[in-house]
Amino acid sequence: MRLEALSYRLRQDVVRIIRAGKAGHIGGDMSVMEVLVELYFRQMNIGPEMADNPERDRFILSKGHSMEAYYAVLAEKGFLKLEEILAGFSRFNTPYIGHPNNKLPGIEMNSGSLGHGLPVSVGMALAGKMDNKGYRVYVVMGDGELEEGSVWEGAMAASQYHLDNLCAVVDRNHLQISGNTEEVMGLENLHDRFQSFGWHVIEVKDGNQIESLHQAFEEAKQVKGKPSVIIANTVKGKGSPMMENKAEWHHHVPSDEEYEQIMKDLKAAEEAYA
């Protein structure tokens, strides 16, 4: 299956998970999906059979509230079982909570309190350098998350230690729970900000376009002496006009009618790419 079609099929799993648990952050799940699919199915040296392999690549979902997208990808990759996620998500005493839980296979770090993923990924990347390991570390952050000061402390450290085995991704969908990022706490010019911290910056005009992401990740692998960041300009709620670019869909649970329309839109997109 083409990765584009897979992205839309996994979006359907996301909607099923959210409906089953009556909770979730659907807007960011949809915007980040192509990033996760490109990483897990083409970029990273990772899989259930490598769970304890010290050479495995590391991944941190720092924007942990997009866990439903992560569940769908981990299930497709074979780390988890979708039927168990659907039965347990967001229920009492379940391991399938709304943020990453490293008691589950394939999850390196608990996250959800925003701003922690990049500093921890810096530690992982630095450890890899010190131990002469060949693994790479990837971390995905939300753009609203960049309001956290710890992100920029991590950015300074990554540059200081020349962590060219570290690649960060910013899911730049321009919306957070309170509205447009530029109205809440402006981030532009984000390219120049990261560059001033000593990072190699790659901006992807369409962060929901698989081949553009592929080229960006391949470029990051060639960079020596500094960390890389991919600014992926995405669409919040990508996949259904009902949700796209609407802040109210940050954590909205679809009604029966909305569910039917969203699934119809996603299925049509999947078939278009099949």
# chains A, B, ... in the order shown; residues from 1 in each chain; ligands from 1
>>> select_by_dssp(residues="range 133-184 of chain A", states="strand (DSSP E or B)", output="list of chain:residue names")
A:Val137, A:Tyr138, A:Val139, A:Val140, A:Met141, A:Gly142, A:Leu166, A:Cys167, A:Ala168, A:Val169, A:Val170, A:Asp171, A:Arg172, A:Leu175, A:Gln176, A:Gly179, A:Asn180
>>> select_by_dssp(residues="range 33-272 of chain A", states="helix (DSSP H, G or I)", output="ChimeraX atom specification")
/A:33-43,48-50,64-77,82-88,117-130,144-147,149-160,181-185,190-196,210-222,247-249,256-272
>>> write_last_selection(atoms="C-alpha atoms", output="mmCIF file, in the first residue's frame")
data_model
loop_
_atom_site.group_PDB
_atom_site.id
_atom_site.type_symbol
_atom_site.label_atom_id
_atom_site.label_comp_id
_atom_site.auth_asym_id
_atom_site.auth_seq_id
_atom_site.Cartn_x
_atom_site.Cartn_y
_atom_site.Cartn_z
ATOM 1 C CA MET A 33 -0.123 11.468 10.487
ATOM 2 C CA GLU A 34 2.104 11.685 7.390
ATOM 3 C CA VAL A 35 5.093 12.560 9.573
ATOM 4 C CA LEU A 36 4.553 9.429 11.675
ATOM 5 C CA VAL A 37 3.922 7.224 8.644
ATOM 6 C CA GLU A 38 7.071 8.402 6.848
ATOM 7 C CA LEU A 39 9.134 7.866 9.997
ATOM 8 C CA TYR A 40 7.822 4.439 10.954
ATOM 9 C CA PHE A 41 7.444 2.910 7.514
ATOM 10 C CA ARG A 42 10.406 4.345 5.606
ATOM 11 C CA GLN A 43 12.879 6.250 7.761
ATOM 12 C CA PRO A 48 8.895 -5.059 17.500
ATOM 13 C CA GLU A 49 11.775 -7.442 16.862
ATOM 14 C CA MET A 50 14.234 -4.672 17.817
ATOM 15 C CA GLY A 64 1.799 13.535 23.494
ATOM 16 C CA HIS A 65 -1.828 14.529 23.134
ATOM 17 C CA SER A 66 -1.681 13.191 19.550
ATOM 18 C CA MET A 67 -1.494 9.704 21.015
ATOM 19 C CA GLU A 68 -4.382 8.315 18.978
ATOM 20 C CA ALA A 69 -2.357 8.786 15.772
ATOM 21 C CA TYR A 70 0.603 7.151 17.498
ATOM 22 C CA TYR A 71 -1.570 4.200 18.591
ATOM 23 C CA ALA A 72 -2.738 3.666 15.026
ATOM 24 C CA VAL A 73 0.835 3.668 13.708
ATOM 25 C CA LEU A 74 2.178 1.410 16.478
ATOM 26 C CA ALA A 75 -0.628 -1.075 15.827
ATOM 27 C CA GLU A 76 0.044 -1.093 12.094
ATOM 28 C CA LYS A 77 3.764 -1.590 12.768
ATOM 29 C CA LEU A 82 -5.757 -2.330 17.393
ATOM 30 C CA GLU A 83 -8.610 -4.371 18.880
ATOM 31 C CA GLU A 84 -7.047 -4.046 22.349
ATOM 32 C CA ILE A 85 -6.640 -0.302 21.902
ATOM 33 C CA LEU A 86 -10.277 0.058 20.835
ATOM 34 C CA ALA A 87 -11.442 -1.992 23.819
ATOM 35 C CA GLY A 88 -9.302 -0.199 26.375
ATOM 36 C CA GLY A 117 10.431 15.752 24.573
ATOM 37 C CA LEU A 118 13.230 17.761 22.977
ATOM 38 C CA PRO A 119 15.406 17.946 26.130
ATOM 39 C CA VAL A 120 15.040 14.189 26.657
ATOM 40 C CA SER A 121 15.821 13.505 23.005
ATOM 41 C CA VAL A 122 18.981 15.573 23.418
ATOM 42 C CA GLY A 123 20.015 13.234 26.231
ATOM 43 C CA MET A 124 19.286 10.168 24.088
ATOM 44 C CA ALA A 125 21.257 11.559 21.155
ATOM 45 C CA LEU A 126 24.173 12.569 23.375
ATOM 46 C CA ALA A 127 24.217 9.080 24.924
ATOM 47 C CA GLY A 128 24.374 7.607 21.425
ATOM 48 C CA LYS A 129 27.400 9.742 20.622
ATOM 49 C CA MET A 130 29.144 8.845 23.886
ATOM 50 C CA GLY A 144 2.101 25.593 20.355
ATOM 51 C CA GLU A 145 4.552 23.549 22.413
ATOM 52 C CA LEU A 146 7.356 25.859 21.321
ATOM 53 C CA GLU A 147 6.042 28.405 23.817
ATOM 54 C CA GLY A 149 11.138 27.553 27.601
ATOM 55 C CA SER A 150 12.524 24.042 28.050
ATOM 56 C CA VAL A 151 12.306 23.545 24.288
ATOM 57 C CA TRP A 152 14.835 26.289 23.706
ATOM 58 C CA GLU A 153 17.125 25.070 26.479
ATOM 59 C CA GLY A 154 17.143 21.739 24.694
ATOM 60 C CA ALA A 155 17.771 23.462 21.375
ATOM 61 C CA MET A 156 20.839 25.210 22.796
ATOM 62 C CA ALA A 157 22.232 21.977 24.209
ATOM 63 C CA ALA A 158 21.685 20.050 20.959
ATOM 64 C CA SER A 159 23.715 22.619 19.066
ATOM 65 C CA GLN A 160 26.405 22.823 21.748
ATOM 66 C CA THR A 181 -0.507 30.347 17.453
ATOM 67 C CA GLU A 182 0.410 33.782 16.157
ATOM 68 C CA GLU A 183 -2.322 35.354 18.258
ATOM 69 C CA VAL A 184 -1.542 33.345 21.392
ATOM 70 C CA MET A 185 2.252 33.648 21.301
ATOM 71 C CA LEU A 190 10.505 30.062 13.086
ATOM 72 C CA HIS A 191 13.122 29.169 10.476
ATOM 73 C CA ASP A 192 15.420 31.978 11.603
ATOM 74 C CA ARG A 193 14.834 31.234 15.282
ATOM 75 C CA PHE A 194 16.040 27.653 15.013
ATOM 76 C CA GLN A 195 18.867 28.685 12.713
ATOM 77 C CA SER A 196 20.052 31.207 15.292
ATOM 78 C CA ILE A 210 4.724 12.218 1.877
ATOM 79 C CA GLU A 211 7.383 12.742 -0.780
ATOM 80 C CA SER A 212 8.230 16.221 0.500
ATOM 81 C CA LEU A 213 8.690 14.776 3.974
ATOM 82 C CA HIS A 214 10.801 11.954 2.561
ATOM 83 C CA GLN A 215 13.162 14.421 0.915
ATOM 84 C CA ALA A 216 13.394 16.446 4.134
ATOM 85 C CA PHE A 217 14.285 13.440 6.288
ATOM 86 C CA GLU A 218 16.839 12.263 3.733
ATOM 87 C CA GLU A 219 18.430 15.719 3.768
ATOM 88 C CA ALA A 220 18.594 15.668 7.566
ATOM 89 C CA LYS A 221 20.504 12.373 7.481
ATOM 90 C CA GLN A 222 23.265 14.007 5.451
ATOM 91 C CA ALA A 247 -9.291 25.157 16.432
ATOM 92 C CA GLU A 248 -12.492 23.743 17.951
ATOM 93 C CA TRP A 249 -11.466 20.331 16.592
ATOM 94 C CA ASP A 256 -22.745 10.132 15.022
ATOM 95 C CA GLU A 257 -23.441 12.374 12.049
ATOM 96 C CA GLU A 258 -19.971 13.907 12.094
ATOM 97 C CA TYR A 259 -18.404 10.459 12.394
ATOM 98 C CA GLU A 260 -20.163 9.204 9.282
ATOM 99 C CA GLN A 261 -19.111 12.217 7.208
ATOM 100 C CA ILE A 262 -15.492 12.165 8.390
ATOM 101 C CA MET A 263 -15.138 8.450 7.692
ATOM 102 C CA LYS A 264 -16.638 8.948 4.239
ATOM 103 C CA ASP A 265 -14.126 11.710 3.482
ATOM 104 C CA LEU A 266 -11.173 9.681 4.759
ATOM 105 C CA LYS A 267 -12.185 6.560 2.867
ATOM 106 C CA ALA A 268 -12.518 8.550 -0.333
ATOM 107 C CA ALA A 269 -9.021 9.987 0.160
ATOM 108 C CA GLU A 270 -7.589 6.529 0.836
ATOM 109 C CA GLU A 271 -9.141 5.159 -2.353
ATOM 110 C CA ALA A 272 -7.847 8.105 -4.358
#
>>> closest_residue(among="A:Arg56, A:Arg11, A:Lys205, A:Arg19", to="Pro254 in chain A", atoms="only C-alpha atoms")
A:Arg19
>>> atom_distance(atom1="CA of His251 in chain A", atom2="CA of Glu148 in chain A")
20.5 Å
>>> atom_distance(atom1="CA of Ala232 in chain A", atom2="CA of Val169 in chain A")
6.9 Å
>>> closest_residue(among="A:Asp13, A:Asp131, A:Asp171, A:Asp52", to="Val229 in chain A", atoms="only C-alpha atoms")
A:Asp171
>>> residues_around(residues="Met141 in chain A", least_positions_apart="4", cutoff="6 Å", atoms="only C-alpha atoms", output="list in words")
Ser62, Lys63 and Val170 of chain A
>>> atom_distance(atom1="CA of Lys22 in chain A", atom2="CA of Asn93 in chain A")
15.7 Å
>>> closest_residue(among="A:Val140, A:Ala51, A:Ala274, A:Ile26", to="Gly98 in chain A", atoms="only C-alpha atoms")
A:Ile26
